[in-house]
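Novice: One file is attached below, target09.txt, containing compact mmCIF, C-alpha atoms.
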# COMPACT_ATOMS: atom_id res chain seq x y z
CA MET A 92 16.25 -13.77 -5.51
CA ALA A 93 15.39 -17.44 -5.28
CA HIS A 94 13.81 -16.71 -1.90
CA ALA A 95 11.54 -14.11 -3.54
CA MET A 96 10.39 -16.76 -6.02
CA ALA A 97 9.79 -19.21 -3.18
CA ALA A 98 7.85 -16.53 -1.32
CA PHE A 99 5.59 -16.32 -4.37
CA THR A 100 5.01 -20.04 -4.86
CA GLN A 101 5.56 -23.26 -2.97
CA LYS A 102 6.57 -24.80 -6.29
CA VAL A 103 9.98 -23.29 -5.61
CA VAL A 104 12.06 -24.56 -2.69
CA ALA A 105 14.89 -22.09 -2.16
CA GLU A 106 17.71 -22.83 0.21
CA VAL A 107 20.74 -20.68 0.93
CA ILE A 108 23.68 -22.61 2.37
CA GLU A 109 26.59 -21.04 4.17
CA VAL A 110 29.25 -23.32 2.78
CA GLN A 111 32.01 -22.65 5.32
CA GLU A 112 29.74 -24.06 8.03
CA PHE A 113 28.82 -27.11 5.97
CA PRO A 114 31.98 -28.11 4.11
CA ASP A 115 30.61 -31.61 3.49
CA LEU A 116 27.83 -30.05 1.40
CA GLY A 117 30.43 -27.90 -0.33
CA ASN A 118 32.31 -31.07 -1.25
CA ALA A 119 29.20 -32.97 -2.26
CA TYR A 120 28.15 -30.19 -4.64
CA GLN A 121 31.74 -29.47 -5.72
CA VAL A 122 31.58 -25.84 -4.71
CA LYS A 123 34.74 -24.14 -6.00
CA GLY A 124 33.50 -20.57 -6.14
CA VAL A 125 30.58 -18.68 -4.66
CA PRO A 126 27.83 -17.95 -5.12
CA LEU A 127 27.13 -21.32 -6.70
CA THR A 128 23.53 -22.08 -7.56
CA VAL A 129 22.35 -25.64 -8.05
CA ILE A 130 18.94 -26.22 -9.62
CA ASN A 131 17.21 -29.58 -9.27
CA GLU A 132 20.47 -31.18 -8.09
CA GLN A 133 21.82 -31.40 -11.64
CA TYR A 134 22.25 -28.00 -13.19
CA SER A 135 24.58 -25.40 -11.71
CA PHE A 136 26.14 -22.03 -12.40
CA THR A 137 28.57 -19.80 -10.55
CA GLY A 138 28.14 -16.08 -10.05
CA ALA A 139 25.41 -13.70 -9.09
CA ALA A 140 22.25 -13.76 -11.17
CA ASN A 141 19.47 -11.22 -11.35
CA GLU A 142 15.86 -12.32 -11.57
CA GLN A 143 15.76 -12.64 -15.34
CA MET A 144 19.02 -14.59 -15.44
CA LEU A 145 17.82 -16.93 -12.72
CA VAL A 146 14.60 -17.63 -14.63
CA GLU A 147 16.66 -18.42 -17.75
CA HIS A 148 18.82 -20.80 -15.72
CA VAL A 149 15.72 -22.51 -14.32
CA LYS A 150 14.42 -22.97 -17.86
CA LYS A 151 17.74 -24.51 -18.93
CA ALA A 152 17.70 -26.78 -15.87
CA LEU A 153 14.19 -27.98 -16.75
CA LEU A 154 15.34 -28.73 -20.31
CA LYS A 155 18.27 -30.68 -18.91
CA ASP A 156 15.86 -32.65 -16.72
CA LEU A 157 13.81 -33.48 -19.81
CA GLU A 158 16.92 -34.61 -21.69
CA GLY A 159 17.92 -36.70 -18.71
CA ASP A 160 14.51 -38.39 -18.69
CA SER A 161 14.51 -39.22 -22.40
CA MET B 60 26.31 -10.65 23.63
CA GLN B 61 24.50 -8.29 21.30
CA ILE B 62 25.31 -8.77 17.60
CA LEU B 63 23.47 -5.87 15.97
CA ASN B 64 24.47 -2.46 17.25
CA ASP B 65 21.80 0.12 18.05
CA SER B 66 22.25 1.92 14.76
CA ASP B 67 21.85 -1.32 12.74
CA LYS B 68 18.74 -2.16 14.75
CA GLU B 69 17.22 1.24 13.98
CA ILE B 70 17.87 0.79 10.26
CA VAL B 71 16.30 -2.67 10.27
CA LYS B 72 13.37 -1.46 12.38
CA SER B 73 12.65 1.43 10.09
CA ARG B 74 12.83 -0.79 7.00
CA PHE B 75 10.44 -3.31 8.54
CA GLU B 76 8.00 -0.57 9.57
CA ASN B 77 7.75 0.37 5.92
CA GLU B 78 7.97 -3.01 4.27
CA LEU B 79 6.55 -5.78 6.46
CA VAL B 80 2.88 -6.36 5.69
CA ASN B 81 1.73 -9.61 7.28
CA GLU B 82 3.03 -11.64 10.18
CA VAL B 83 6.05 -13.74 9.32
CA ASN B 84 7.66 -16.62 11.19
CA ILE B 85 11.29 -17.49 11.70
CA THR B 86 11.66 -21.12 12.78
CA LEU B 87 15.16 -21.92 13.93
CA PHE B 88 16.36 -25.48 14.33
CA THR B 89 19.26 -25.60 16.72
CA GLN B 90 20.24 -27.57 19.80
CA MET B 91 19.55 -26.93 23.44
CA ASP B 92 22.22 -25.13 25.38
CA LEU B 93 24.52 -27.78 26.75
CA GLY B 94 25.63 -25.47 29.53
CA GLY B 95 29.23 -25.38 28.43
CA LEU B 96 29.43 -29.16 28.05
CA ILE B 97 31.28 -30.26 24.98
CA VAL B 98 29.74 -33.42 23.58
CA PRO B 99 31.82 -34.90 20.77
CA GLY B 100 29.86 -34.87 17.54
CA ARG B 101 27.47 -32.25 18.87
CA GLU B 102 29.60 -29.16 18.52
CA CYS B 103 27.71 -26.33 16.84
CA GLU B 104 29.85 -23.24 16.93
CA THR B 105 27.43 -21.07 14.96
CA CYS B 106 24.21 -22.18 16.70
CA PRO B 107 24.34 -19.61 19.56
CA PRO B 108 25.20 -16.59 17.37
CA THR B 109 22.58 -17.60 14.79
CA GLU B 110 19.94 -17.76 17.53
CA GLN B 111 21.08 -14.44 18.95
CA LEU B 112 21.02 -12.71 15.54
CA LEU B 113 17.58 -14.05 14.61
CA LYS B 114 16.21 -13.07 18.03
CA GLU B 115 17.53 -9.55 17.68
CA VAL B 116 16.06 -9.23 14.19
CA SER B 117 12.70 -10.56 15.37
CA GLU B 118 12.68 -8.00 18.19
CA THR B 119 12.70 -5.15 15.68
CA SER B 120 9.11 -5.81 14.58
CA ASP B 121 5.93 -7.11 16.22
CA LEU B 122 5.11 -8.82 12.92
CA ILE B 123 8.00 -11.27 13.25
CA ASN B 124 7.44 -14.42 15.31
CA PHE B 125 10.57 -16.24 16.36
CA ARG B 126 10.41 -19.92 17.26
CA LYS B 127 13.33 -22.04 18.41
CA LEU B 128 13.22 -25.80 18.05
CA ASP B 129 15.64 -28.50 19.05
CA ILE B 130 16.78 -30.76 16.25
CA ARG B 131 16.58 -33.82 18.53
CA ASN B 132 13.65 -33.09 20.85
CA ASP B 133 11.54 -31.70 18.00
CA SER B 134 12.53 -34.42 15.56
CA GLU B 135 9.02 -34.79 14.11
CA GLU B 136 8.87 -31.15 13.10
CA ALA B 137 12.46 -31.35 11.84
CA ALA B 138 11.43 -34.28 9.65
CA ARG B 139 8.35 -32.45 8.36
CA CYS B 140 10.54 -29.48 7.51
CA ASN B 141 13.20 -31.72 6.00
CA VAL B 142 15.82 -30.27 8.32
CA SER B 143 18.77 -32.46 9.26
CA ARG B 144 21.49 -29.91 9.99
CA ILE B 145 21.91 -27.06 12.42
CA PRO B 146 21.76 -24.16 12.57
CA SER B 147 19.01 -24.06 10.00
CA PHE B 148 15.97 -21.81 9.76
CA LEU B 149 12.82 -21.34 7.74
CA VAL B 150 10.95 -18.16 6.94
CA SER B 151 7.22 -18.66 6.49
CA LYS B 152 3.78 -17.14 6.70
CA GLY B 153 2.20 -20.35 7.89
CA ASP B 154 3.52 -23.87 7.89
CA GLU B 155 5.23 -23.81 4.51
CA THR B 156 8.87 -24.91 4.44
CA ASN B 157 10.24 -23.67 1.13
CA VAL B 158 12.18 -20.55 2.17
CA ARG B 159 15.23 -21.99 3.87
CA TYR B 160 18.63 -21.01 5.20
CA LEU B 161 21.48 -23.17 6.48
CA GLY B 162 24.03 -21.43 8.65
CA ILE B 163 24.32 -17.93 10.03
CA PRO B 164 23.18 -15.08 7.77
CA ALA B 165 26.02 -12.76 8.74
CA GLY B 166 28.02 -10.15 6.89
CA THR B 167 27.07 -9.83 3.24
CA GLU B 168 24.35 -12.45 3.78
CA PHE B 169 22.49 -10.37 6.33
CA PRO B 170 20.50 -8.50 3.64
CA VAL B 171 19.39 -11.89 2.29
CA LEU B 172 17.66 -12.54 5.61
CA LEU B 173 15.94 -9.13 5.54
CA GLU B 174 14.82 -9.65 1.92
CA ALA B 175 13.44 -13.08 2.75
CA LEU B 176 11.40 -11.65 5.64
CA VAL B 177 10.09 -8.77 3.53
CA ASN B 178 9.20 -11.02 0.59
CA VAL B 179 7.44 -13.65 2.67
CA SER B 180 5.58 -11.04 4.69
CA SER B 181 4.44 -9.24 1.55
CA ASP B 182 1.37 -10.13 -0.46
CA GLU B 183 3.41 -9.25 -3.52
CA PRO B 184 6.98 -10.62 -3.53
CA LYS B 185 9.38 -8.44 -5.45
CA ILE B 186 9.42 -10.28 -8.75
CA SER B 187 8.16 -9.23 -12.16
CA GLU B 188 4.83 -10.19 -13.69
CA ASP B 189 6.71 -12.21 -16.33
CA THR B 190 8.44 -14.25 -13.65
CA LYS B 191 5.17 -14.78 -11.79
CA GLY B 192 3.62 -16.05 -15.01
CA PHE B 193 6.51 -18.44 -15.54
CA LEU B 194 6.34 -19.73 -11.96
CA ASP B 195 2.57 -20.18 -12.15
CA GLY B 196 3.12 -22.45 -15.14
CA LEU B 197 5.59 -24.76 -13.41
CA GLN B 198 4.48 -28.38 -13.54
CA GLU B 199 6.85 -29.63 -10.88
CA ILE B 200 8.64 -28.47 -7.78
CA ILE B 201 11.94 -26.75 -8.46
CA SER B 202 14.78 -26.90 -5.95
CA ILE B 203 17.21 -23.99 -5.95
CA LYS B 204 20.23 -24.24 -3.67
CA THR B 205 22.58 -21.27 -3.42
CA PHE B 206 25.96 -21.76 -1.78
CA VAL B 207 27.44 -18.63 -0.26
CA THR B 208 30.14 -17.41 2.10
CA PRO B 209 29.66 -14.43 4.41
CA ASN B 210 32.37 -11.98 3.35
Would you give me this structure, written as structure tokens?
Specialist:
Amino acid sequence: MAHAMAAFTQKVVAEVIEVQEFPDLGNAYQVKGVPLTVINEQYSFTGAANEQMLVEHVKKALLKDLEGDS
Amino acid sequence: MQILNDSDKEIVKSRFENELVNEVNITLFTQMDLGGLIVPGRECETCPPTEQLLKEVSETSDLINFRKLDIRNDSEEAARCNVSRIPSFLVSKGDETNVRYLGIPAGTEFPVLLEALVNVSSDEPKISEDTKGFLDGLQEIISIKTFVTPN
């Protein structure tokens, strides 16, 4: 789903990471269950998300960024 | 060794005939074949099967261009694409670098590869008008990383 958004706009950078091949990244991002989605390095959620859910998560992540900046 | 069997290939081929619109590139960053040499620190168990799988997928449609780069010899392009690990590949129409995959898209992740190719190739990625509106309004670049395992 994130790839579809990235296909639409270069404002989205979407990366899928196969965590068994890159356990150091799994550790760095504290992956305990999959799929784990991390938005802007700070906001994360576990579990599959449809398009609408992903958009809602992105909105929450942006709010968190704003809070972090203030 | 072939990864996709003939029946899988036919399914992929038929889907791409219907759904690919424009040319699409797969750029794989990997390492050159060391000819069986094992160089400590340079092991990459999934590099050969990832290359093989992406090659086989690219052979199912004339619209897919497959390019293989070496993480060390092509270090400038790796830097431009912000790639530091292998195997790693990008799906793009031109030189954009924002549809990315680290590792081998096998098992349950294989459809993710097909979707990425279809979406990038399309003039209309499969997302709703509402989502497009939201994305158009973004003021900054959003990074979305999804960690998966191929079950």
Novice: Between B:Ala137, B:Ile85, B:Asn77, B:Val142, which residue has the minimum interatomic distance to B:Ser181, considering all atoms listed in the file?
Specialist: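 Looking only at the distances to B:Ser181, the closest residue turns out to be B:Asn77.
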Novice: Pull out every residue of chain B that has at least one atom within 10 Å of chain A, counting only C-alpha atoms, and report them as a count of residues only.
Specialist: 60
Novice: Using only C-alpha atoms, which of the listed residues (B:Pro108, B:Gly95, B:Gly192, B:Pro170) sits closest to B:Ile70?
Specialist: B:Pro170
Novice: So how far away is atom CA of B:Val83 from atom CA of B:Ile123, in Å?
Specialist: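 Straight-line distance from atom CA of B:Ile123 to atom CA of B:Val83 works out to 5.0 Å.
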Novice: For the atom pair atom CA of B:Ile130 and atom CA of B:Leu112, what is the interatomic distance in Å to one decimal place?
Specialist: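 According to the coordinates, atom CA of B:Ile130 and atom CA of B:Leu112 are separated by 18.6 Å.
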Novice: Counting all atoms listed in the file, which residue out of B:Val80, B:Met60, B:Leu87, B:Val71 sits closest to B:Glu118?
Specialist: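 Of B:Val80, B:Met60, B:Leu87, B:Val71, the one nearest B:Glu118 is B:Val71, counting all atoms listed in the file.
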Novice: Tell me, in Å to one decimal, how far atom CA of B:Glu76 is from atom CA of B:Ser120.
Specialist: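 The value is 7.3 Å.
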Novice: Using all atoms listed in the file, can you list as a ChimeraX atom specification the residues within 9 Å of (31.1, -33.4, 10.8)?
Specialist: /A:113-115 /B:100-102
Novice: With distances taken over all atoms listed in the file, which of B:Leu128, B:Asn64, B:Asn210, B:Gly166 is nearest to B:Glu115?
Specialist: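 Closest residue, counting all atoms listed in the file: B:Asn64.
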Novice: Compile the contact shell of B:Phe125 as a list in words: residues with an atom at most 8 Å away, counting all atoms listed in the file, same-chain residues fewer than 4 positions apart removed.
Specialist: Asn84, Ile85, Thr86, Leu87, Leu113, Lys114 and Ser117 of chain B
Novice: The selected residues should be written to file as an mmCIF file, in the coordinates of the input (atoms: C-alpha atoms).
Specialist:
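Contents of the output file result-v6.cif:
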data_model
loop_
_atom_site.group_PDB
_atom_site.id
_atom_site.type_symbol
_atom_site.label_atom_id
_atom_site.label_comp_id
_atom_site.auth_asym_id
_atom_site.auth_seq_id
_atom_site.Cartn_x
_atom_site.Cartn_y
_atom_site.Cartn_z
ATOM 1 C CA ASN B 84 7.660 -16.620 11.190
ATOM 2 C CA ILE B 85 11.290 -17.490 11.700
ATOM 3 C CA THR B 86 11.660 -21.120 12.780
ATOM 4 C CA LEU B 87 15.160 -21.920 13.930
ATOM 5 C CA LEU B 113 17.580 -14.050 14.610
ATOM 6 C CA LYS B 114 16.210 -13.070 18.030
ATOM 7 C CA SER B 117 12.700 -10.560 15.370
#
